[in-house]
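S.K.: protein_4.cif is reproduced below (mmCIF, C-alpha atoms).
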```
data_data
loop_
_atom_site.label_atom_id
_atom_site.label_comp_id
_atom_site.auth_asym_id
_atom_site.auth_seq_id
_atom_site.Cartn_x
_atom_site.Cartn_y
_atom_site.Cartn_z
CA MET M 1 0.00 0.00 0.00
CA SER M 2 1.53 3.26 -1.06
CA LEU M 3 0.69 6.89 -0.53
CA GLY M 4 2.96 8.77 -2.82
CA THR M 5 0.80 11.76 -3.69
CA ALA M 6 -1.77 14.06 -2.14
CA GLU M 7 -4.37 16.08 -4.00
CA ASP M 8 -6.11 19.32 -3.15
CA ASP M 9 -9.70 20.16 -4.13
CA SER M 10 -8.63 21.64 -7.45
CA GLY M 11 -6.98 18.40 -8.48
CA SER M 12 -3.36 19.58 -8.26
CA GLU M 13 -1.00 16.87 -7.15
CA ILE M 14 1.87 17.07 -4.66
CA HIS M 15 4.46 14.34 -4.59
CA ILE M 16 5.20 13.31 -1.02
CA PRO M 17 7.48 10.44 0.06
CA ALA M 18 5.83 7.09 -0.64
CA GLU M 19 4.82 4.78 2.20
CA ILE M 20 7.38 2.08 2.96
CA ASP M 21 5.72 -1.30 3.51
CA TRP M 22 6.84 -4.14 5.80
CA HIS M 23 8.25 -6.30 3.01
CA MET M 24 10.54 -3.45 1.91
CA LEU M 25 12.40 -3.29 5.26
CA ASP M 26 15.66 -4.88 6.38
CA LYS M 27 14.26 -6.33 9.63
CA SER M 28 17.55 -6.65 11.58
CA LYS M 29 18.54 -3.05 10.79
CA PHE M 30 14.98 -1.90 11.53
CA PHE M 31 14.93 -3.38 15.06
CA PHE M 32 18.54 -2.53 15.95
CA LEU M 33 18.32 1.11 14.87
CA GLY M 34 14.83 1.35 16.36
CA ALA M 35 16.06 0.26 19.80
CA ALA M 36 18.80 2.89 19.76
CA LEU M 37 16.68 5.75 18.44
CA PHE M 38 13.67 5.18 20.68
CA SER M 39 15.83 4.73 23.77
CA GLY M 40 17.01 8.30 23.21
CA VAL M 41 13.42 9.49 22.77
CA SER M 42 12.37 7.75 26.00
CA PHE M 43 15.21 9.40 27.95
CA THR M 44 14.20 12.85 26.72
CA LEU M 45 10.52 12.51 27.57
CA TYR M 46 10.71 10.47 30.78
CA PRO M 47 10.48 13.46 33.21
CA MET M 48 7.03 14.33 31.79
CA VAL M 49 5.89 10.75 32.37
CA VAL M 50 7.02 10.98 36.02
CA LEU M 51 5.12 14.27 36.47
CA LYS M 52 1.98 12.86 34.85
CA THR M 53 2.08 9.71 36.97
CA ARG M 54 2.58 11.57 40.26
CA GLN M 55 -0.29 13.95 39.49
CA GLN M 56 -2.60 11.05 38.67
CA VAL M 57 -2.00 9.17 41.94
CA SER M 58 -2.05 12.23 44.22
CA SER M 59 -5.30 12.64 46.20
CA SER M 60 -4.89 16.43 46.08
CA ARG M 61 -4.50 18.73 43.13
CA PHE M 62 -0.97 20.01 42.50
CA SER M 63 0.18 21.99 39.49
CA CYS M 64 3.02 20.79 37.29
CA LEU M 65 5.15 23.65 38.57
CA ASN M 66 4.59 22.76 42.24
CA MET M 67 5.21 19.08 41.58
CA SER M 68 8.37 19.83 39.60
CA CYS M 69 9.72 22.17 42.31
CA ALA M 70 9.06 19.56 45.02
CA ILE M 71 10.89 16.88 43.06
CA MET M 72 13.86 19.14 42.29
CA ARG M 73 14.07 20.45 45.86
CA TYR M 74 13.85 17.15 47.73
CA GLU M 75 15.07 14.58 45.19
CA GLY M 76 17.14 16.50 42.68
CA LEU M 77 17.37 15.75 38.97
CA ARG M 78 17.46 12.00 39.69
CA GLY M 79 13.87 12.26 40.93
CA PHE M 80 12.71 12.84 37.37
CA TYR M 81 14.34 9.56 36.26
CA LYS M 82 13.16 7.16 38.96
CA GLY M 83 12.45 3.81 37.36
CA PHE M 84 14.00 4.77 34.04
CA GLY M 85 16.37 1.79 33.90
CA THR M 86 13.49 -0.63 34.46
CA SER M 87 11.34 1.19 31.92
CA LEU M 88 14.09 1.13 29.31
CA MET M 89 14.72 -2.62 29.75
CA GLY M 90 11.07 -3.31 28.99
CA THR M 91 10.58 -0.63 26.36
CA ILE M 92 13.01 -2.20 23.89
CA PRO M 93 11.19 -5.55 23.48
CA ALA M 94 7.79 -3.86 23.81
CA ARG M 95 8.68 -1.36 21.10
CA ALA M 96 9.89 -4.17 18.84
CA LEU M 97 6.56 -5.98 19.27
CA TYR M 98 4.70 -2.72 18.70
CA MET M 99 6.52 -1.83 15.48
CA ALA M 100 6.29 -5.34 14.03
CA SER M 101 2.55 -5.64 14.75
CA LEU M 102 1.91 -2.12 13.46
CA GLU M 103 3.67 -2.61 10.13
CA VAL M 104 2.43 -6.15 9.44
CA THR M 105 -1.21 -5.24 10.19
CA LYS M 106 -1.12 -1.92 8.32
CA SER M 107 0.41 -3.50 5.23
CA ASN M 108 -1.83 -6.60 5.12
CA VAL M 109 -5.13 -4.88 6.01
CA GLY M 110 -4.49 -1.96 3.64
CA THR M 111 -3.59 -4.26 0.74
CA ALA M 112 -6.62 -6.48 1.39
CA LEU M 113 -9.03 -3.52 1.45
CA LEU M 114 -7.63 -2.10 -1.78
CA LYS M 115 -8.13 -5.50 -3.47
CA LEU M 116 -11.73 -5.52 -2.21
CA GLY M 117 -12.33 -2.25 -4.03
CA PHE M 118 -12.23 0.27 -1.18
CA SER M 119 -10.88 3.72 -1.92
CA GLU M 120 -7.30 4.50 -0.86
CA THR M 121 -8.50 7.02 1.74
CA THR M 122 -10.81 4.47 3.39
CA ALA M 123 -8.20 1.71 3.17
CA VAL M 124 -5.55 3.90 4.82
CA ALA M 125 -7.89 4.99 7.65
CA VAL M 126 -9.14 1.47 8.43
CA ALA M 127 -5.65 -0.07 8.13
CA ASN M 128 -4.21 2.51 10.54
CA ALA M 129 -7.02 1.94 13.05
CA ALA M 130 -6.58 -1.85 12.91
CA ALA M 131 -2.80 -1.51 13.20
CA GLY M 132 -3.18 0.77 16.21
CA VAL M 133 -5.36 -1.78 18.03
CA THR M 134 -3.21 -4.86 17.31
CA SER M 135 0.10 -3.12 18.06
CA ALA M 136 -1.21 -1.79 21.39
CA MET M 137 -2.52 -5.20 22.45
CA ALA M 138 0.75 -6.94 21.52
CA ALA M 139 2.93 -4.35 23.27
CA GLN M 140 0.86 -4.40 26.48
CA LEU M 141 1.92 -8.00 27.11
CA VAL M 142 5.36 -6.54 27.91
CA TRP M 143 4.50 -2.96 28.82
CA THR M 144 2.02 -3.71 31.62
CA PRO M 145 4.53 -5.52 33.92
CA VAL M 146 7.12 -2.83 33.12
CA ASP M 147 4.57 -0.10 33.94
CA VAL M 148 3.67 -1.72 37.26
CA VAL M 149 7.31 -1.84 38.40
CA SER M 150 8.53 1.46 36.94
CA GLN M 151 5.51 3.44 38.16
CA ARG M 152 6.01 2.14 41.71
CA LEU M 153 9.53 3.56 41.52
CA MET M 154 8.36 6.82 39.88
CA VAL M 155 5.99 7.75 42.68
CA GLN M 156 8.32 7.03 45.60
CA GLY M 157 8.76 10.44 47.18
CA SER M 158 11.58 11.32 49.52
CA GLY M 159 11.95 14.06 52.11
CA GLY M 160 9.31 16.79 51.81
CA SER M 161 7.89 15.42 48.55
CA LYS M 162 6.31 12.57 50.54
CA THR M 163 3.63 14.97 51.73
CA ILE M 164 2.41 15.31 48.15
CA LEU M 165 2.29 11.53 47.78
CA ALA M 166 0.96 10.71 51.23
CA ASN M 167 -1.78 8.34 50.04
CA LEU M 168 0.59 5.80 48.47
CA ASN M 169 1.35 2.38 49.90
CA SER M 170 4.14 2.32 52.46
CA GLU M 171 6.28 -0.22 50.60
CA SER M 172 9.78 1.03 49.80
CA TYR M 173 11.85 -0.18 46.85
CA ARG M 174 15.60 0.15 46.41
CA ASN M 175 15.57 -0.49 42.65
CA GLY M 176 13.70 -2.29 39.90
CA PHE M 177 14.87 -5.76 40.95
CA ASP M 178 13.81 -5.13 44.54
CA ALA M 179 10.40 -3.91 43.37
CA PHE M 180 10.05 -6.99 41.14
CA ARG M 181 10.85 -9.33 44.05
CA LYS M 182 8.50 -7.62 46.51
CA ILE M 183 5.59 -7.46 44.07
CA LEU M 184 6.09 -11.15 43.22
CA CYS M 185 6.14 -12.11 46.91
CA ALA M 186 3.12 -9.97 47.81
CA ASP M 187 0.83 -10.51 44.83
CA GLY M 188 2.33 -13.34 42.77
CA ALA M 189 2.68 -13.21 39.00
CA ARG M 190 -0.78 -11.63 38.76
CA GLY M 191 0.61 -8.58 40.52
CA PHE M 192 2.55 -7.65 37.38
CA TYR M 193 -0.65 -7.53 35.34
CA ARG M 194 -2.61 -5.23 37.61
CA GLY M 195 -4.64 -2.99 35.35
CA PHE M 196 -3.96 -5.12 32.26
CA GLY M 197 -7.61 -5.06 31.18
CA ILE M 198 -7.92 -1.30 31.63
CA SER M 199 -4.55 -0.88 29.86
CA ILE M 200 -5.98 -2.63 26.80
CA LEU M 201 -9.15 -0.53 27.05
CA THR M 202 -6.97 2.60 27.26
CA TYR M 203 -4.23 1.99 24.71
CA ALA M 204 -6.10 0.00 22.04
CA PRO M 205 -8.66 2.76 21.31
CA SER M 206 -6.02 5.42 21.99
CA ASN M 207 -3.76 3.95 19.32
CA ALA M 208 -6.65 3.42 16.92
CA VAL M 209 -7.77 7.05 17.38
CA TRP M 210 -4.20 8.34 17.10
CA TRP M 211 -3.18 6.49 13.93
CA THR M 212 -6.53 7.13 12.22
CA SER M 213 -6.46 10.83 13.16
CA TYR M 214 -2.83 11.09 12.09
CA SER M 215 -3.43 9.59 8.64
CA MET M 216 -6.51 11.77 8.04
CA VAL M 217 -4.92 15.02 9.30
CA HIS M 218 -1.75 14.24 7.34
CA ARG M 219 -3.70 13.99 4.06
CA LEU M 220 -5.81 17.07 4.88
CA ILE M 221 -2.73 19.22 5.56
CA TRP M 222 -1.09 18.20 2.30
CA GLY M 223 -4.35 18.88 0.47
CA ALA M 224 -4.62 22.34 2.07
CA PHE M 225 -0.95 22.97 1.33
CA GLY M 226 -1.49 22.20 -2.34
CA SER M 227 -4.53 24.48 -2.48
CA TYR M 228 -2.57 27.31 -0.79
CA MET M 229 0.33 26.92 -3.20
CA SER M 230 -2.03 26.97 -6.16
CA LYS M 231 -3.95 30.07 -5.05
CA GLY M 232 -1.08 31.94 -3.36
CA LYS M 233 1.33 31.76 -6.27
CA GLY M 234 -1.33 31.82 -8.96
CA GLU M 235 0.21 28.80 -10.62
CA SER M 236 -1.68 26.37 -12.77
CA ASN M 237 -2.29 22.77 -11.75
CA ASP M 238 0.16 21.66 -14.43
CA ASN M 239 2.96 23.65 -12.78
CA LEU M 240 2.10 22.24 -9.34
CA SER M 241 1.67 18.64 -10.44
CA GLY M 242 5.39 18.02 -10.17
CA PHE M 243 5.91 19.85 -6.89
CA ARG M 244 8.05 17.91 -4.39
CA PRO M 245 8.31 19.36 -0.85
CA ASN M 246 11.73 19.39 0.81
CA SER M 247 12.57 17.29 3.87
CA LYS M 248 11.94 20.17 6.33
CA THR M 249 8.41 20.65 5.02
CA VAL M 250 7.72 16.91 5.24
CA VAL M 251 8.95 16.78 8.87
CA ALA M 252 6.90 19.89 9.77
CA VAL M 253 3.71 18.34 8.36
CA GLN M 254 4.40 15.06 10.16
CA GLY M 255 4.96 16.92 13.44
CA LEU M 256 1.81 19.04 13.14
CA SER M 257 -0.25 15.97 12.27
CA ALA M 258 1.18 14.14 15.30
CA VAL M 259 0.38 17.01 17.71
CA MET M 260 -3.23 17.25 16.51
CA ALA M 261 -3.74 13.49 16.67
CA SER M 262 -2.24 13.43 20.19
CA GLY M 263 -4.67 16.09 21.40
CA VAL M 264 -7.67 14.08 20.24
CA SER M 265 -6.31 10.84 21.70
CA ALA M 266 -5.30 12.37 25.07
CA ILE M 267 -8.71 13.96 25.70
CA VAL M 268 -10.65 10.83 24.73
CA THR M 269 -8.64 8.36 26.82
CA MET M 270 -7.43 10.44 29.81
CA PRO M 271 -10.01 9.13 32.36
CA LEU M 272 -9.13 5.52 31.54
CA ASP M 273 -5.41 6.29 31.80
CA THR M 274 -5.88 7.82 35.26
CA ILE M 275 -7.84 4.78 36.47
CA LYS M 276 -5.20 2.44 34.99
CA THR M 277 -2.34 4.26 36.73
CA ARG M 278 -4.10 4.18 40.10
CA LEU M 279 -4.92 0.49 39.77
CA GLN M 280 -1.26 -0.27 39.08
CA VAL M 281 0.21 1.92 41.81
CA LEU M 282 -2.18 2.44 44.73
CA ASP M 283 -3.15 -0.04 47.46
CA ASN M 284 -5.93 -0.20 50.03
CA GLU M 285 -5.27 -0.89 53.72
CA GLU M 286 -7.74 -3.36 55.28
CA HIS M 287 -7.24 -4.69 58.82
CA GLY M 288 -3.54 -3.90 58.61
CA ARG M 289 -3.13 -5.75 55.33
CA ARG M 290 -2.27 -4.18 51.99
CA ARG M 291 -4.61 -5.11 49.14
CA PRO M 292 -4.83 -3.89 45.52
CA LEU M 293 -7.60 -1.40 44.79
CA THR M 294 -10.52 -2.62 42.68
CA PHE M 295 -11.88 -0.80 39.64
CA VAL M 296 -15.01 0.25 41.57
CA GLN M 297 -12.99 1.54 44.55
CA THR M 298 -10.75 3.54 42.21
CA VAL M 299 -13.69 5.17 40.43
CA ARG M 300 -15.39 5.88 43.78
CA ASN M 301 -12.25 7.58 45.09
CA LEU M 302 -11.96 9.72 41.98
CA VAL M 303 -15.61 10.80 42.29
CA LYS M 304 -14.98 11.83 45.93
CA GLU M 305 -11.85 13.77 44.96
CA GLY M 306 -13.51 15.85 42.25
CA GLY M 307 -15.45 13.74 39.81
CA LEU M 308 -14.57 14.05 36.13
CA ALA M 309 -12.05 16.83 36.86
CA ALA M 310 -10.05 14.39 39.03
CA CYS M 311 -9.86 12.01 36.06
CA TYR M 312 -8.13 14.73 34.06
CA ARG M 313 -5.34 15.45 36.55
CA GLY M 314 -2.10 15.30 34.64
CA LEU M 315 -3.77 16.10 31.31
CA GLY M 316 -1.29 18.90 30.62
CA PRO M 317 1.84 16.76 31.07
CA ARG M 318 0.18 13.83 29.29
CA TRP M 319 -0.83 15.96 26.29
CA ALA M 320 2.62 17.56 26.17
CA SER M 321 4.30 14.19 26.60
CA MET M 322 2.10 12.54 23.96
CA SER M 323 2.59 15.44 21.53
CA LEU M 324 6.37 15.54 21.94
CA SER M 325 6.57 11.75 22.00
CA ALA M 326 4.36 11.41 18.94
CA THR M 327 6.20 14.14 17.03
CA THR M 328 9.61 12.65 17.74
CA MET M 329 8.24 9.13 17.33
CA ILE M 330 6.67 9.66 13.92
CA THR M 331 9.60 11.65 12.52
CA THR M 332 12.10 9.17 14.00
CA TYR M 333 9.94 6.28 12.83
CA GLU M 334 9.74 7.53 9.25
CA PHE M 335 13.50 8.22 9.30
CA LEU M 336 14.10 4.73 10.71
CA LYS M 337 12.02 3.10 7.97
CA ARG M 338 13.92 4.94 5.24
CA MET M 339 17.25 4.03 6.87
CA SER M 340 16.14 0.37 7.03
CA THR M 341 14.89 0.04 3.46
CA LYS M 342 16.41 -2.89 1.61
CA SER M 343 18.90 -2.05 -1.12
CA GLN M 344 17.42 -2.52 -4.56
#
```
If you convert what's in this file into structure tokens, what do you get?

M.R.:
Amino acid sequence: MSLGTAEDDSGSEIHIPAEIDWHMLDKSKFFFLGAALFSGVSFTLYPMVVLKTRQQVSSSRFSCLNMSCAIMRYEGLRGFYKGFGTSLMGTIPARALYMASLEVTKSNVGTALLKLGFSETTAVAVANAAAGVTSAMAAQLVWTPVDVVSQRLMVQGSGGSKTILANLNSESYRNGFDAFRKILCADGARGFYRGFGISILTYAPSNAVWWTSYSMVHRLIWGAFGSYMSKGKGESNDNLSGFRPNSKTVVAVQGLSAVMASGVSAIVTMPLDTIKTRLQVLDNEEHGRRRPLTFVQTVRNLVKEGGLAACYRGLGPRWASMSLSATTMITTYEFLKRMSTKSQ
């Protein structure tokens, strides 16, 4: 399935880089370079994930600025990278599963729909939605246990920052291996899949919405760009039909499309993400024993703390994190695919 051109309403055609399908990639280069590139992306964006997670599990409302100042004052720069090593160890295999599922599904579903007679626009939208769902479900098999461990480390306050996180369980972890051992002893293997169902309900539709929105916005922007070029410069369609945007323009369009798609996805799935985070991190004390919160208890607590508004705590960092992550991800991803294309 290839998308090599985009048309505006007047019929003028802009040549944009063609889609690179799964069969065109050198798989070993694709996964090796992908691990290196996305590890760098994860390192850059990790502080926002820590802020988002701490805001979601806090029973009181704290601004990003207050939370950031508390972390810097009492924990230093290292506080923004708690659990990063654990997260990185799991992100590499999870990302490999994600990328493989995404590309295989997108290529196969898109090709099948085109053969059935669907238009390219419909085929691209449906293929991206299906790819988003399957890739999220595959990746969550690895990501959920990693989330459970890394998020426990993220929200461990120290010094004065403990007052912000006073409602957390009292368990203390030295590192990722210690957290793994204690969770296994306390809850068994099931403890690593706390919130797995809600994770699927969060990330499967989130990915479907994101990839569908991205593909649609991407085409709309190129269509509008072609119309602007045609009207602004007063050129005929014949003169524009061979127009090829430079790499900076392509990256700018990809980034803008990613930001807009992230906004839609973040708003739609934020309540589920807050519930998921609390299920994975918070515990309930009953008769001196620590027990995992249930879905109903989590929702009830959120309603007491502010209703729907409480579900959207951390929306700012999440939207910013998703936008930056998506922008760097999609530009890095497209660059990775072109770097990994098989030699003809």

S.K.: Nearest to Gly79 (chain M): which of M:Gln156, M:Ser59, M:Ser323, M:Ser42 is it, counting all atoms listed in the file?

M.R.: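 That would be M:Gln156, the residue with the smallest distance to Gly79 (chain M).
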
S.K.: So which residues are close to (-5.4, 4.4, 9.2), meaning at most 9 Å away in the file's coordinates with all atoms listed in the file counted, and can you show them as a list of chain:residue names?

M.R.: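 Residues satisfying the cut-off, written out: M:Lys106, M:Gly110, M:Thr121, M:Thr122, M:Ala123, M:Val124, M:Ala125, M:Val126, M:Ala127, M:Asn128, M:Ala129, M:Ala130, M:Ala131, M:Gly132, M:Ala208, M:Val209, M:Trp210, M:Trp211, M:Thr212, M:Ser213, M:Tyr214, M:Ser215, M:Met216.
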
S.K.: Could you make a table, as a tab-separated table, of the residues of region 176-225 of chain M that have an atom within 12 Å of an atom of region 84-93 of chain M, each with its nearest atom pair and distance in Å to one decimal, counting all atoms listed in the file, in chain and number order?

M.R.:
```
residue	atom	partner	partner_atom	distance
M:Gly176	CA	M:Thr86	CA	5.7
M:Phe177	CA	M:Thr86	CA	8.4
M:Asp178	CA	M:Thr86	CA	11.0
M:Ala179	CA	M:Thr86	CA	10.0
M:Phe180	CA	M:Thr86	CA	9.8
```

S.K.: Taking into account only C-alpha atoms, which residue in the set M:Ser199, M:Thr332, M:Gln254, M:Ser63 is nearest to Asp147 (chain M)?

M.R.: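 Smallest distance to Asp147 (chain M) is found for M:Ser199.
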
S.K.: Which is closer to Trp319 (chain M) than all the others in M:Val264, M:Cys69, M:Ala186, M:Met137, using all atoms listed in the file?

M.R.: M:Val264

S.K.: Rounded to one decimal in Å, what is the spacing between CA of Phe43 (chain M) and CA of Tyr81 (chain M)?

M.R.: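 Between CA of Phe43 (chain M) and CA of Tyr81 (chain M) the gap is 8.4 Å.
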
S.K.: Please produce, as a Markdown table, a per-residue contact table for region 44-66 of chain M versus region 272-287 of chain M (criterion: any atom at most 12 Å away, only C-alpha atoms considered), showing the nearest atom pair and its distance in Å to one decimal, sorted by chain then residue number.

M.R.:
```
| residue | atom | partner | partner_atom | distance |
| --- | --- | --- | --- | --- |
| M:Val49 | CA | M:Thr277 | CA | 11.4 |
| M:Val50 | CA | M:Thr277 | CA | 11.5 |
| M:Lys52 | CA | M:Thr274 | CA | 9.3 |
| M:Thr53 | CA | M:Thr277 | CA | 7.0 |
| M:Arg54 | CA | M:Thr277 | CA | 9.5 |
| M:Gln55 | CA | M:Thr274 | CA | 9.3 |
| M:Gln56 | CA | M:Thr274 | CA | 5.7 |
| M:Val57 | CA | M:Arg278 | CA | 5.7 |
| M:Ser58 | CA | M:Arg278 | CA | 9.3 |
| M:Ser59 | CA | M:Arg278 | CA | 10.5 |
```

S.K.: Enclose all atoms of region 70-75 of chain M listed in the file in an axis-aligned box, grow every side by 4 Å, and hand back centre and edge lengths in Å to one decimal, as AutoDock Vina command-line options.

M.R.:
```
--center_x 12.1 --center_y 17.5 --center_z 45.0 --size_x 14.0 --size_y 13.9 --size_z 13.4
```

S.K.: Any idea what the distance is between CA of Lys182 (chain M) and CA of Arg152 (chain M)?

M.R.: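 For CA of Lys182 (chain M) relative to CA of Arg152 (chain M), the distance reads 11.2 Å.
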
S.K.: Running the PyMOL selection byres ((chain M and resi 270) around 9) on this model by hand, what would come out? Give it as number ranges by chain.

M.R.: M: 202, 265-269, 271-275, 311-315, 318

S.K.: Let me know the residues the PyMOL selection byres ((chain M and resi 342) around 10) catches in the file above, as a list in words.

M.R.: His23, Met24, Leu25, Asp26, Lys27, Lys29, Lys337, Arg338, Met339, Ser340, Thr341, Ser343 and Gln344 of chain M

S.K.: Give me, as a PyMOL selection string, all polymer residues having an atom no more than 7 Å from Ser321 (chain M), counting all atoms listed in the file and skipping those fewer than 3 positions away in the same chain.

M.R.: chain M and resi 45+48-49+317-318+324-325

S.K.: Counting all atoms listed in the file, which of M:Phe335, M:Phe31, M:Phe225, M:Phe192 gets nearest to Ala96 (chain M)?

M.R.: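 Of all the options, M:Phe31 lies closest to Ala96 (chain M).
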
S.K.: Would you mind reading off the distance between CA of Leu220 (chain M) and CA of Leu113 (chain M), one decimal, in Å?

M.R.: 21.1 Å

S.K.: On this structure, the PyMOL selection byres ((chain M and resi 104) around 10) would catch which residues? List them as a list in words, sorted by chain and number.

M.R.: Asp21, Trp22, His23, Met99, Ala100, Ser101, Leu102, Glu103, Thr105, Lys106, Ser107, Asn108, Val109, Gly110, Ala131, Thr134 and Ser135 of chain M

S.K.: Generate a file of the selected residues that holds C-alpha atoms, formatted as a PDB file, in the frame of the given file.

M.R.:
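Heads up, here's the output in result18.pdb:
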```
ATOM      1  CA  ASP M  21       5.720  -1.300   3.510  1.00  0.00           C
ATOM      2  CA  TRP M  22       6.840  -4.140   5.800  1.00  0.00           C
ATOM      3  CA  HIS M  23       8.250  -6.300   3.010  1.00  0.00           C
ATOM      4  CA  MET M  99       6.520  -1.830  15.480  1.00  0.00           C
ATOM      5  CA  ALA M 100       6.290  -5.340  14.030  1.00  0.00           C
ATOM      6  CA  SER M 101       2.550  -5.640  14.750  1.00  0.00           C
ATOM      7  CA  LEU M 102       1.910  -2.120  13.460  1.00  0.00           C
ATOM      8  CA  GLU M 103       3.670  -2.610  10.130  1.00  0.00           C
ATOM      9  CA  THR M 105      -1.210  -5.240  10.190  1.00  0.00           C
ATOM     10  CA  LYS M 106      -1.120  -1.920   8.320  1.00  0.00           C
ATOM     11  CA  SER M 107       0.410  -3.500   5.230  1.00  0.00           C
ATOM     12  CA  ASN M 108      -1.830  -6.600   5.120  1.00  0.00           C
ATOM     13  CA  VAL M 109      -5.130  -4.880   6.010  1.00  0.00           C
ATOM     14  CA  GLY M 110      -4.490  -1.960   3.640  1.00  0.00           C
ATOM     15  CA  ALA M 131      -2.800  -1.510  13.200  1.00  0.00           C
ATOM     16  CA  THR M 134      -3.210  -4.860  17.310  1.00  0.00           C
ATOM     17  CA  SER M 135       0.100  -3.120  18.060  1.00  0.00           C
TER      18      SER M 135
END
```

S.K.: Nearest residue to Asn207 (chain M) out of M:Tyr173, M:Arg219, M:Leu141, M:Ala326, using all atoms listed in the file?

M.R.: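 Selected residue with least distance to Asn207 (chain M): M:Ala326.
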
S.K.: Excluding Val251 (chain M) and its own-chain neighbours fewer than 2 positions away, which residues fall within 10 Å of it when counting all atoms listed in the file? Please give them as a ChimeraX atom specification.

M.R.: /M:246-249,253-257,327-328,330-332,334-335

S.K.: For each of M:Arg78, M:Arg95, M:Gly263, M:Val133, take the minimum atom-to-atom distance to Val41 (chain M), counting all atoms listed in the file, then give the residue where this is smallest.

M.R.: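 Smallest distance to Val41 (chain M) is found for M:Arg95.
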